[in-house]
Amino acid sequence: MTRKEVIYAVLVLAAFAVLAFIPSLPNSAAVLSLVIPITMYTVLATSWALFSGPTHYISLATAAFYGVGAYMMAPALEVMPYWMVLPIAALSGALLAALVGAMTLRLSGVYFVIFTLGLAEMVRQVITWYQNNFAGTRGNYVFVDINDAQIYWQLLALALLVYLVGWLINRSRLGFAIRIIGNDELVARHSGINTARAKILLFMVSGAFAAVVGAVMTPRFVYIEPAMAFNPEVSFLVVIMALLGGVHRLWGPLVGAIPFALTWEVIASNFPAQTVLLMGIAFLLVVYYIPSGVAGIMEKVYFRARQQRREVSHG
Amino acid sequence: MDNRVRVLEVRNVTRRFGGLVAVNDMSFDVHEQEVMGLIGPNGSGKTTMMNLISGALRVSGGDIMMDDQLISDMPARHIARAGVARTFQLVRMLPTMTALENVMAGAVFGHKKLWGRALQVHAMRQLERVGMGTSAHLPTSALTYIDQKRVELARALAANPRIILLDEWLAGLNPTELRTGIELIADLRAEGRTIILVEHVMDAIRSLCDRCVVMNTGRKIAEGTPAEVLSDDEVIRAYLGDDDD
Ligand SMILES: Nc1ncnc2c1ncn2[C@@H]1O[C@H](COP(=O)(O)OP(=O)(O)OP(=O)(O)O)[C@@H](O)[C@H]1O
Ligand SMILES: [Mg+2]
């Protein structure tokens, strides 16, 4: 690690340590109901960007992974303790991602978007069909004693983990391979890179995170139905937040998730009937006006300022 | 009489694009430490032939062997790992990366597998070799087209390839640059590499190539030393015919 990296690591750890005290604030229930979605979307958007940032594949599969994690919680709790469900959720998310990846990542980006969008819906339909025909229920009760503060701490730990994993990937051969692939897949192949494998591995990482987030969030709901677990809104919001923040830096999605998750809480409670419309508008605005995200703009401003300073000191 | 070591063997290779036969029943050998020119008028199938050797395209028929290994059914990454590196007729940079990172890309996953400090040093040496050492940390968008071509060659060399495919790498160079370029390619041969050169620059073909294969509309129409093929009637007709349109 370079000195700069050590400083960053210390700052990040300090920030997380401070954030961990939020549940002990007075009136913490209200605060938690805001910071839980923010943290949740930070993890989802950051892990989404690990794959979609360098590859430019827009995945709308987040809801599918999230839903698998969320939906397996109730039945899994009947046979194992809570803490064991989380790694199994991660594994399920990764496996589903591997399956989808193997089927679609050889195709061009457009097919990928459509396929991933359909995936959440398909999994939801399959589960609904199964429950209607064989289980005789429409949903599941989640019996586990986990409060909001504990959920928040778990999400915080996941956020720390996603940054650690992202940082490790960025400095690994896999991270370099995926950057080359994002730049020019043909050059990547001629450089000896197994492009399909690299893409699938990264997609698995992002699928695993989304599934664990789904599992962690489930105890907030007493009763969970497929329509709640596999909500396509999650997929779209994650894309908007990640693109808004910027996908070329590890910290980019965070910059998008904080303001947007807050805004969305307000929108969803005040205009519940217009959420789809507003989400669509937000999507278009982000894609048209800030394609490189807030992080991209911030970096540009920073570099320009630095350049000017240099010109001043030299001239 | 032919006791040179054959590294590449192209046997009856054909490639179709729909109804168009871009490469038609081509056969030739390439020997170790040889510069082989692949020449012919525009659209005669040279780039397609290079794409078939490097695995960017699949053959529609025929076989390509490297040493005793069939490579025409291998994916491009395996061919790269076996020691084939290439440049592209239209330069392909990795645009969000620096010149140095572009070169590093050639030496991590392929025929050479370096990482860390060793990779940096190795890539830097390749850049210096093509005269781009001082531009190592520039983004490739800041480089001229010719400089990008140099970086691309450095990336190919970074893999320490046995066979290098150069598709009109010398095109667009001024006379001084051309001389340096020709010397560089001669050096690559001297260190034991085998080079297949697609070129329109006659000076380069005459001074560099041990042998030439001439293509026209996908077919091989001549093979021999540069002097032989360039005085061949059919070759002259093919090139003049090309001048007419
Ligand atoms: N991917 C492709 N799809 C369809 N047709 C192609 C494709 N690649 C090449 N061709 C056609 O195959 C023929 C040979 O093209 P190729 O690029 O191999 O010629 P070339 O000898 O390299 O020409 P030049 O000297 O202009 O580079 C041309 O008619 C070209 O249009
Ligand atoms: Mg060509």
# chains A, B, ... in the order shown; residues from 1 in each chain; ligands from 1
>>> interface_residues(of="chain A", to="chain B", cutoff="10 Å", atoms="only C-alpha atoms", output="ChimeraX atom specification")
/A:171-174,176-177,179-195
>>> residues_around(residues="B:Gly181", least_positions_apart="5", cutoff="12 Å", atoms="only C-alpha atoms", output="count of residues only")
26
>>> residues_near_ligand(ligand="ligand 2", cutoff="9 Å", atoms="only C-alpha atoms and all ligand atoms", output="ChimeraX atom specification")
/B:42-48,50,88-90,167-168,198-199
>>> write_last_selection(atoms="N, CA and C atoms", output="short mmCIF file (atom, residue, chain, number, x, y, z; two decimals), in the first residue's frame")
data_model
loop_
_atom_site.label_atom_id
_atom_site.label_comp_id
_atom_site.auth_asym_id
_atom_site.auth_seq_id
_atom_site.Cartn_x
_atom_site.Cartn_y
_atom_site.Cartn_z
N ASN B 42 -5.83 -3.36 -52.67
CA ASN B 42 -6.85 -3.12 -51.64
C ASN B 42 -7.98 -4.12 -51.76
N GLY B 43 -8.43 -4.61 -50.63
CA GLY B 43 -9.57 -5.51 -50.61
C GLY B 43 -9.24 -6.92 -51.05
N SER B 44 -7.94 -7.26 -51.13
CA SER B 44 -7.59 -8.59 -51.64
C SER B 44 -7.66 -9.66 -50.55
N GLY B 45 -7.87 -9.24 -49.29
CA GLY B 45 -8.05 -10.25 -48.24
C GLY B 45 -6.91 -10.37 -47.26
N LYS B 46 -5.97 -9.42 -47.29
CA LYS B 46 -4.78 -9.51 -46.42
C LYS B 46 -5.16 -9.41 -44.94
N THR B 47 -5.96 -8.40 -44.63
CA THR B 47 -6.35 -8.23 -43.23
C THR B 47 -7.16 -9.42 -42.76
N THR B 48 -8.03 -9.91 -43.62
CA THR B 48 -8.82 -11.08 -43.25
C THR B 48 -7.90 -12.26 -42.95
N MET B 50 -4.86 -12.13 -41.82
CA MET B 50 -4.25 -11.87 -40.51
C MET B 50 -5.24 -12.17 -39.39
N PHE B 88 -3.09 -3.66 -35.38
CA PHE B 88 -4.29 -3.56 -36.21
C PHE B 88 -4.08 -2.50 -37.30
N GLN B 89 -4.71 -2.76 -38.45
CA GLN B 89 -4.59 -1.80 -39.55
C GLN B 89 -5.06 -0.42 -39.10
N LEU B 90 -6.22 -0.38 -38.43
CA LEU B 90 -6.66 0.85 -37.78
C LEU B 90 -6.36 0.69 -36.30
N ASP B 167 -0.07 -5.26 -39.46
CA ASP B 167 -0.96 -4.91 -40.57
C ASP B 167 -0.77 -3.44 -40.94
N GLU B 168 0.01 -3.21 -41.98
CA GLU B 168 0.32 -1.85 -42.47
C GLU B 168 0.81 -0.96 -41.34
N VAL B 198 1.93 -7.08 -43.52
CA VAL B 198 1.07 -6.62 -44.60
C VAL B 198 1.52 -5.21 -44.92
N GLU B 199 1.90 -4.95 -46.14
CA GLU B 199 2.47 -3.64 -46.46
C GLU B 199 2.14 -3.18 -47.87
#
>>> closest_residue(among="B:Arg16, B:Arg189, B:His122, B:His31", to="ligand 1", atoms="only C-alpha atoms and all ligand atoms")
B:Arg16
>>> select_by_dssp(residues="stretch 52-227 of chain B", states="strand (DSSP E or B)", output="VMD selection string")
chain B and resid 61 to 66 69 to 70 84 to 86 98 139 163 to 167 194 to 198 211 to 216 219 to 224
>>> residues_around(residues="stretch 40-47 of chain A", least_positions_apart="6", cutoff="8 Å", atoms="only C-alpha atoms", output="list in words")
Thr62, Leu155, Leu158, Ala159, Val162, Tyr163, Gly166, Val205, Ser206, Phe209, Ala210, Val213, Val238, Val239, Met241, Ala242, Leu250, Trp251, Gly252, Pro253, Leu254, Ala257, Ile258 and Ala261 of chain A
>>> write_last_selection(atoms="N, CA, C and O atoms", output="tab-separated table (two decimals), in the first residue's frame")
chain	number	residue	atom	x	y	z
A	62	THR	N	-30.45	-6.52	-10.58
A	62	THR	CA	-30.30	-6.33	-9.14
A	62	THR	C	-31.50	-6.88	-8.38
A	62	THR	O	-31.35	-7.58	-7.37
A	155	LEU	N	-25.66	-3.70	7.22
A	155	LEU	CA	-25.50	-2.99	5.95
A	155	LEU	C	-24.21	-2.19	5.94
A	155	LEU	O	-23.51	-2.13	4.92
A	158	LEU	N	-21.48	-4.46	5.30
A	158	LEU	CA	-21.46	-4.82	3.88
A	158	LEU	C	-20.86	-3.70	3.04
A	158	LEU	O	-20.13	-3.95	2.08
A	159	ALA	N	-21.17	-2.45	3.41
A	159	ALA	CA	-20.61	-1.32	2.68
A	159	ALA	C	-19.09	-1.34	2.79
A	159	ALA	O	-18.37	-1.18	1.79
A	162	VAL	N	-17.81	-4.07	0.61
A	162	VAL	CA	-17.86	-3.82	-0.83
A	162	VAL	C	-16.71	-2.88	-1.24
A	162	VAL	O	-16.12	-3.05	-2.30
A	163	TYR	N	-16.37	-1.94	-0.35
A	163	TYR	CA	-15.22	-1.08	-0.67
A	163	TYR	C	-13.93	-1.86	-0.64
A	163	TYR	O	-13.06	-1.68	-1.50
A	166	GLY	N	-13.89	-4.06	-3.72
A	166	GLY	CA	-13.67	-3.23	-4.90
A	166	GLY	C	-12.23	-2.78	-5.01
A	166	GLY	O	-11.62	-2.82	-6.08
A	205	VAL	N	-19.70	-11.38	-8.34
A	205	VAL	CA	-19.43	-10.57	-7.14
A	205	VAL	C	-20.60	-9.63	-6.90
A	205	VAL	O	-21.13	-9.52	-5.78
A	206	SER	N	-21.05	-8.96	-7.97
A	206	SER	CA	-22.12	-7.99	-7.76
A	206	SER	C	-23.43	-8.70	-7.43
A	206	SER	O	-24.22	-8.22	-6.61
A	209	PHE	N	-23.40	-9.69	-3.64
A	209	PHE	CA	-23.68	-8.57	-2.73
A	209	PHE	C	-25.17	-8.24	-2.72
A	209	PHE	O	-25.77	-8.05	-1.65
A	210	ALA	N	-25.78	-8.19	-3.91
A	210	ALA	CA	-27.20	-7.82	-3.96
A	210	ALA	C	-28.05	-8.85	-3.21
A	210	ALA	O	-29.00	-8.49	-2.51
A	213	VAL	N	-27.68	-8.32	0.54
A	213	VAL	CA	-28.46	-7.15	0.94
A	213	VAL	C	-29.93	-7.52	1.05
A	213	VAL	O	-30.60	-7.17	2.03
A	238	VAL	N	-31.06	1.54	-8.57
A	238	VAL	CA	-29.63	1.28	-8.44
A	238	VAL	C	-28.87	1.83	-9.65
A	238	VAL	O	-27.83	2.47	-9.51
A	239	VAL	N	-29.43	1.61	-10.83
A	239	VAL	CA	-28.76	2.12	-12.03
A	239	VAL	C	-28.71	3.65	-12.00
A	239	VAL	O	-27.66	4.25	-12.26
A	241	MET	N	-28.80	5.69	-9.42
A	241	MET	CA	-27.89	6.20	-8.40
A	241	MET	C	-26.44	6.00	-8.81
A	241	MET	O	-25.61	6.89	-8.64
A	242	ALA	N	-26.14	4.83	-9.35
A	242	ALA	CA	-24.74	4.56	-9.73
A	242	ALA	C	-24.31	5.50	-10.85
A	242	ALA	O	-23.23	6.09	-10.78
A	250	LEU	N	-14.61	4.11	-7.27
A	250	LEU	CA	-15.25	3.28	-6.27
A	250	LEU	C	-16.23	4.09	-5.43
A	250	LEU	O	-17.30	3.60	-5.04
A	251	TRP	N	-15.89	5.36	-5.14
A	251	TRP	CA	-16.74	6.18	-4.28
A	251	TRP	C	-17.86	6.85	-5.07
A	251	TRP	O	-18.72	7.50	-4.48
A	252	GLY	N	-17.87	6.72	-6.38
A	252	GLY	CA	-18.86	7.40	-7.20
A	252	GLY	C	-20.30	7.09	-6.80
A	252	GLY	O	-21.08	8.00	-6.49
A	253	PRO	N	-20.69	5.82	-6.79
A	253	PRO	CA	-22.09	5.47	-6.49
A	253	PRO	C	-22.57	6.02	-5.14
A	253	PRO	O	-23.74	6.37	-5.00
A	254	LEU	N	-21.66	6.14	-4.19
A	254	LEU	CA	-22.02	6.71	-2.88
A	254	LEU	C	-22.55	8.14	-3.07
A	254	LEU	O	-23.56	8.53	-2.47
A	257	ALA	N	-25.97	7.78	-4.38
A	257	ALA	CA	-26.95	7.08	-3.54
A	257	ALA	C	-27.47	7.96	-2.41
A	257	ALA	O	-28.67	7.94	-2.12
A	258	ILE	N	-26.59	8.75	-1.79
A	258	ILE	CA	-27.05	9.55	-0.64
A	258	ILE	C	-28.16	10.51	-1.03
A	258	ILE	O	-29.27	10.42	-0.51
A	261	ALA	N	-31.33	8.54	-2.70
A	261	ALA	CA	-32.13	7.70	-1.79
A	261	ALA	C	-33.00	8.59	-0.90
A	261	ALA	O	-34.17	8.28	-0.64
>>> select_by_dssp(residues="stretch 167-236 of chain B", states="helix (DSSP H, G or I)", output="JSON, numbers by chain")
{"B": [175, 176, 177, 178, 179, 180, 181, 182, 183, 184, 185, 186, 187, 188, 189, 190, 202, 203, 204, 205, 206, 207, 208, 226, 227, 228, 229, 230, 233, 234, 235, 236]}
>>> write_last_selection(atoms="N, CA and C atoms", output="short mmCIF file (atom, residue, chain, number, x, y, z; two decimals), in the first residue's frame")
data_model
loop_
_atom_site.label_atom_id
_atom_site.label_comp_id
_atom_site.auth_asym_id
_atom_site.auth_seq_id
_atom_site.Cartn_x
_atom_site.Cartn_y
_atom_site.Cartn_z
N PRO B 175 9.70 9.75 -44.20
CA PRO B 175 10.90 8.97 -44.58
C PRO B 175 11.83 8.65 -43.40
N THR B 176 12.03 9.59 -42.49
CA THR B 176 12.90 9.31 -41.34
C THR B 176 12.28 8.24 -40.45
N GLU B 177 10.99 8.43 -40.15
CA GLU B 177 10.30 7.46 -39.30
C GLU B 177 10.29 6.09 -39.95
N LEU B 178 10.14 6.11 -41.28
CA LEU B 178 10.09 4.84 -42.01
C LEU B 178 11.41 4.09 -41.83
N ARG B 179 12.52 4.83 -41.92
CA ARG B 179 13.82 4.18 -41.76
C ARG B 179 13.96 3.57 -40.36
N THR B 180 13.58 4.34 -39.34
CA THR B 180 13.62 3.78 -37.98
C THR B 180 12.72 2.57 -37.86
N GLY B 181 11.55 2.66 -38.46
CA GLY B 181 10.59 1.56 -38.40
C GLY B 181 11.16 0.31 -39.04
N ILE B 182 11.77 0.47 -40.19
CA ILE B 182 12.34 -0.69 -40.89
C ILE B 182 13.46 -1.30 -40.06
N GLU B 183 14.30 -0.45 -39.47
CA GLU B 183 15.38 -0.97 -38.62
C GLU B 183 14.82 -1.75 -37.43
N LEU B 184 13.77 -1.21 -36.86
CA LEU B 184 13.15 -1.86 -35.71
C LEU B 184 12.66 -3.26 -36.07
N ILE B 185 11.99 -3.36 -37.21
CA ILE B 185 11.46 -4.67 -37.62
C ILE B 185 12.61 -5.63 -37.92
N ALA B 186 13.69 -5.09 -38.54
CA ALA B 186 14.85 -5.94 -38.80
C ALA B 186 15.45 -6.45 -37.49
N ASP B 187 15.47 -5.58 -36.48
CA ASP B 187 15.96 -6.00 -35.15
C ASP B 187 15.12 -7.12 -34.57
N LEU B 188 13.80 -7.00 -34.75
CA LEU B 188 12.91 -8.02 -34.20
C LEU B 188 13.22 -9.37 -34.82
N ARG B 189 13.50 -9.34 -36.13
CA ARG B 189 13.86 -10.61 -36.76
C ARG B 189 15.19 -11.11 -36.21
N ALA B 190 16.14 -10.18 -36.04
CA ALA B 190 17.47 -10.58 -35.57
C ALA B 190 17.41 -11.24 -34.19
N MET B 202 6.57 -0.10 -50.83
CA MET B 202 7.45 -0.98 -51.59
C MET B 202 8.87 -1.02 -51.03
N ASP B 203 9.38 0.16 -50.60
CA ASP B 203 10.73 0.19 -50.04
C ASP B 203 10.86 -0.77 -48.87
N ALA B 204 9.84 -0.75 -48.03
CA ALA B 204 9.88 -1.61 -46.85
C ALA B 204 9.85 -3.08 -47.27
N ILE B 205 9.01 -3.38 -48.26
CA ILE B 205 8.90 -4.77 -48.70
C ILE B 205 10.24 -5.24 -49.26
N ARG B 206 10.85 -4.38 -50.09
CA ARG B 206 12.12 -4.78 -50.70
C ARG B 206 13.21 -4.97 -49.66
N SER B 207 13.28 -4.04 -48.69
CA SER B 207 14.42 -4.13 -47.77
C SER B 207 14.19 -5.13 -46.64
N LEU B 208 12.94 -5.44 -46.33
CA LEU B 208 12.69 -6.28 -45.15
C LEU B 208 12.36 -7.73 -45.46
N PRO B 226 10.94 -10.82 -52.87
CA PRO B 226 10.30 -9.57 -53.33
C PRO B 226 10.60 -9.29 -54.80
N ALA B 227 11.86 -9.47 -55.21
CA ALA B 227 12.22 -9.18 -56.60
C ALA B 227 11.42 -10.07 -57.56
N GLU B 228 11.31 -11.34 -57.20
CA GLU B 228 10.56 -12.27 -58.06
C GLU B 228 9.09 -11.86 -58.19
N VAL B 229 8.45 -11.67 -57.05
CA VAL B 229 7.00 -11.43 -57.15
C VAL B 229 6.69 -10.07 -57.76
N LEU B 230 7.55 -9.10 -57.51
CA LEU B 230 7.25 -7.75 -58.01
C LEU B 230 7.47 -7.64 -59.52
N ASP B 233 4.25 -11.14 -63.90
CA ASP B 233 3.25 -10.51 -64.77
C ASP B 233 1.88 -10.40 -64.10
N GLU B 234 1.46 -11.49 -63.47
CA GLU B 234 0.13 -11.49 -62.88
C GLU B 234 0.04 -10.48 -61.75
N VAL B 235 1.16 -10.37 -60.98
CA VAL B 235 1.18 -9.42 -59.87
C VAL B 235 1.08 -7.99 -60.42
N ILE B 236 1.85 -7.72 -61.44
CA ILE B 236 1.82 -6.38 -62.03
C ILE B 236 0.42 -6.06 -62.55
#
>>> closest_residue(among="A:Leu160, A:Leu285, A:Trp264, A:Gly69", to="A:Leu13", atoms="only C-alpha atoms")
A:Leu160
>>> residues_around(residues="B:Arg58", least_positions_apart="4", cutoff="9 Å", atoms="only C-alpha atoms", output="list in words")
Arg15, Asn51, Leu52, Ile53, Ser72, Asp73, Met74 and Pro75 of chain B
>>> decode(residues="stretch 169-181 of chain B", atoms="all heavy atoms", output="mmCIF file, in the first residue's frame")
data_model
loop_
_atom_site.group_PDB
_atom_site.id
_atom_site.type_symbol
_atom_site.label_atom_id
_atom_site.label_comp_id
_atom_site.auth_asym_id
_atom_site.auth_seq_id
_atom_site.Cartn_x
_atom_site.Cartn_y
_atom_site.Cartn_z
ATOM 1 N N TRP B 169 1.719 -1.518 -40.562
ATOM 2 C CA TRP B 169 2.236 -0.743 -39.436
ATOM 3 C C TRP B 169 3.095 0.432 -39.912
ATOM 4 O O TRP B 169 3.196 1.456 -39.241
ATOM 5 C CB TRP B 169 3.050 -1.640 -38.504
ATOM 6 C CG TRP B 169 3.387 -0.932 -37.244
ATOM 7 C CD1 TRP B 169 2.543 -0.674 -36.210
ATOM 8 C CD2 TRP B 169 4.638 -0.334 -36.898
ATOM 9 N NE1 TRP B 169 3.195 0.040 -35.234
ATOM 10 C CE2 TRP B 169 4.479 0.265 -35.640
ATOM 11 C CE3 TRP B 169 5.886 -0.247 -37.548
ATOM 12 C CZ2 TRP B 169 5.519 0.938 -34.999
ATOM 13 C CZ3 TRP B 169 6.912 0.418 -36.910
ATOM 14 C CH2 TRP B 169 6.724 1.012 -35.639
ATOM 15 N N LEU B 170 3.700 0.298 -41.091
ATOM 16 C CA LEU B 170 4.595 1.355 -41.576
ATOM 17 C C LEU B 170 3.847 2.432 -42.363
ATOM 18 O O LEU B 170 4.432 3.449 -42.730
ATOM 19 C CB LEU B 170 5.695 0.754 -42.465
ATOM 20 C CG LEU B 170 6.669 -0.192 -41.752
ATOM 21 C CD1 LEU B 170 7.427 -1.034 -42.767
ATOM 22 C CD2 LEU B 170 7.635 0.586 -40.879
ATOM 23 N N ALA B 171 2.561 2.226 -42.601
ATOM 24 C CA ALA B 171 1.801 3.193 -43.403
ATOM 25 C C ALA B 171 1.729 4.538 -42.689
ATOM 26 O O ALA B 171 1.519 4.598 -41.482
ATOM 27 C CB ALA B 171 0.394 2.659 -43.662
ATOM 28 N N GLY B 172 1.944 5.604 -43.433
ATOM 29 C CA GLY B 172 1.779 6.944 -42.875
ATOM 30 C C GLY B 172 3.028 7.510 -42.216
ATOM 31 O O GLY B 172 3.004 8.634 -41.726
ATOM 32 N N LEU B 173 4.113 6.737 -42.184
ATOM 33 C CA LEU B 173 5.342 7.264 -41.582
ATOM 34 C C LEU B 173 6.061 8.167 -42.584
ATOM 35 O O LEU B 173 6.033 7.925 -43.788
ATOM 36 C CB LEU B 173 6.275 6.122 -41.171
ATOM 37 C CG LEU B 173 5.742 5.101 -40.178
ATOM 38 C CD1 LEU B 173 6.856 4.125 -39.791
ATOM 39 C CD2 LEU B 173 5.218 5.786 -38.927
ATOM 40 N N ASN B 174 6.744 9.207 -42.093
ATOM 41 C CA ASN B 174 7.568 10.022 -42.996
ATOM 42 C C ASN B 174 8.896 9.298 -43.240
ATOM 43 O O ASN B 174 9.190 8.304 -42.568
ATOM 44 C CB ASN B 174 7.741 11.440 -42.434
ATOM 45 C CG ASN B 174 8.620 11.466 -41.191
ATOM 46 O OD1 ASN B 174 9.550 10.667 -41.051
ATOM 47 N ND2 ASN B 174 8.321 12.372 -40.278
ATOM 48 N N PRO B 175 9.704 9.745 -44.205
ATOM 49 C CA PRO B 175 10.904 8.969 -44.575
ATOM 50 C C PRO B 175 11.830 8.647 -43.401
ATOM 51 O O PRO B 175 12.334 7.522 -43.308
ATOM 52 C CB PRO B 175 11.601 9.881 -45.586
ATOM 53 C CG PRO B 175 10.491 10.672 -46.193
ATOM 54 C CD PRO B 175 9.494 10.889 -45.109
ATOM 55 N N THR B 176 12.029 9.589 -42.493
ATOM 56 C CA THR B 176 12.905 9.311 -41.345
ATOM 57 C C THR B 176 12.279 8.243 -40.451
ATOM 58 O O THR B 176 12.941 7.279 -40.048
ATOM 59 C CB THR B 176 13.089 10.587 -40.484
ATOM 60 O OG1 THR B 176 13.008 11.715 -41.333
ATOM 61 C CG2 THR B 176 14.380 10.540 -39.724
ATOM 62 N N GLU B 177 10.991 8.430 -40.150
ATOM 63 C CA GLU B 177 10.297 7.460 -39.298
ATOM 64 C C GLU B 177 10.288 6.093 -39.952
ATOM 65 O O GLU B 177 10.421 5.065 -39.291
ATOM 66 C CB GLU B 177 8.856 7.920 -39.047
ATOM 67 C CG GLU B 177 8.738 9.168 -38.209
ATOM 68 C CD GLU B 177 7.342 9.798 -38.263
ATOM 69 O OE1 GLU B 177 6.595 9.546 -39.235
ATOM 70 O OE2 GLU B 177 7.013 10.553 -37.349
ATOM 71 N N LEU B 178 10.140 6.107 -41.281
ATOM 72 C CA LEU B 178 10.092 4.843 -42.010
ATOM 73 C C LEU B 178 11.413 4.092 -41.831
ATOM 74 O O LEU B 178 11.424 2.883 -41.591
ATOM 75 C CB LEU B 178 9.822 5.113 -43.490
ATOM 76 C CG LEU B 178 9.588 3.875 -44.353
ATOM 77 C CD1 LEU B 178 8.361 3.113 -43.888
ATOM 78 C CD2 LEU B 178 9.439 4.261 -45.826
ATOM 79 N N ARG B 179 12.523 4.828 -41.917
ATOM 80 C CA ARG B 179 13.822 4.183 -41.763
ATOM 81 C C ARG B 179 13.961 3.565 -40.362
ATOM 82 O O ARG B 179 14.366 2.416 -40.224
ATOM 83 C CB ARG B 179 14.962 5.185 -42.024
ATOM 84 C CG ARG B 179 16.184 4.516 -42.621
ATOM 85 C CD ARG B 179 17.241 5.518 -43.080
ATOM 86 N NE ARG B 179 16.687 6.718 -43.689
ATOM 87 C CZ ARG B 179 16.917 7.964 -43.229
ATOM 88 N NH1 ARG B 179 17.661 8.157 -42.158
ATOM 89 N NH2 ARG B 179 16.388 8.999 -43.859
ATOM 90 N N THR B 180 13.579 4.336 -39.342
ATOM 91 C CA THR B 180 13.623 3.784 -37.976
ATOM 92 C C THR B 180 12.723 2.573 -37.862
ATOM 93 O O THR B 180 13.101 1.565 -37.246
ATOM 94 C CB THR B 180 13.131 4.822 -36.940
ATOM 95 O OG1 THR B 180 13.248 6.115 -37.507
ATOM 96 C CG2 THR B 180 13.891 4.724 -35.661
ATOM 97 N N GLY B 181 11.550 2.663 -38.463
ATOM 98 C CA GLY B 181 10.594 1.565 -38.401
ATOM 99 C C GLY B 181 11.163 0.308 -39.036
ATOM 100 O O GLY B 181 11.041 -0.792 -38.479
#
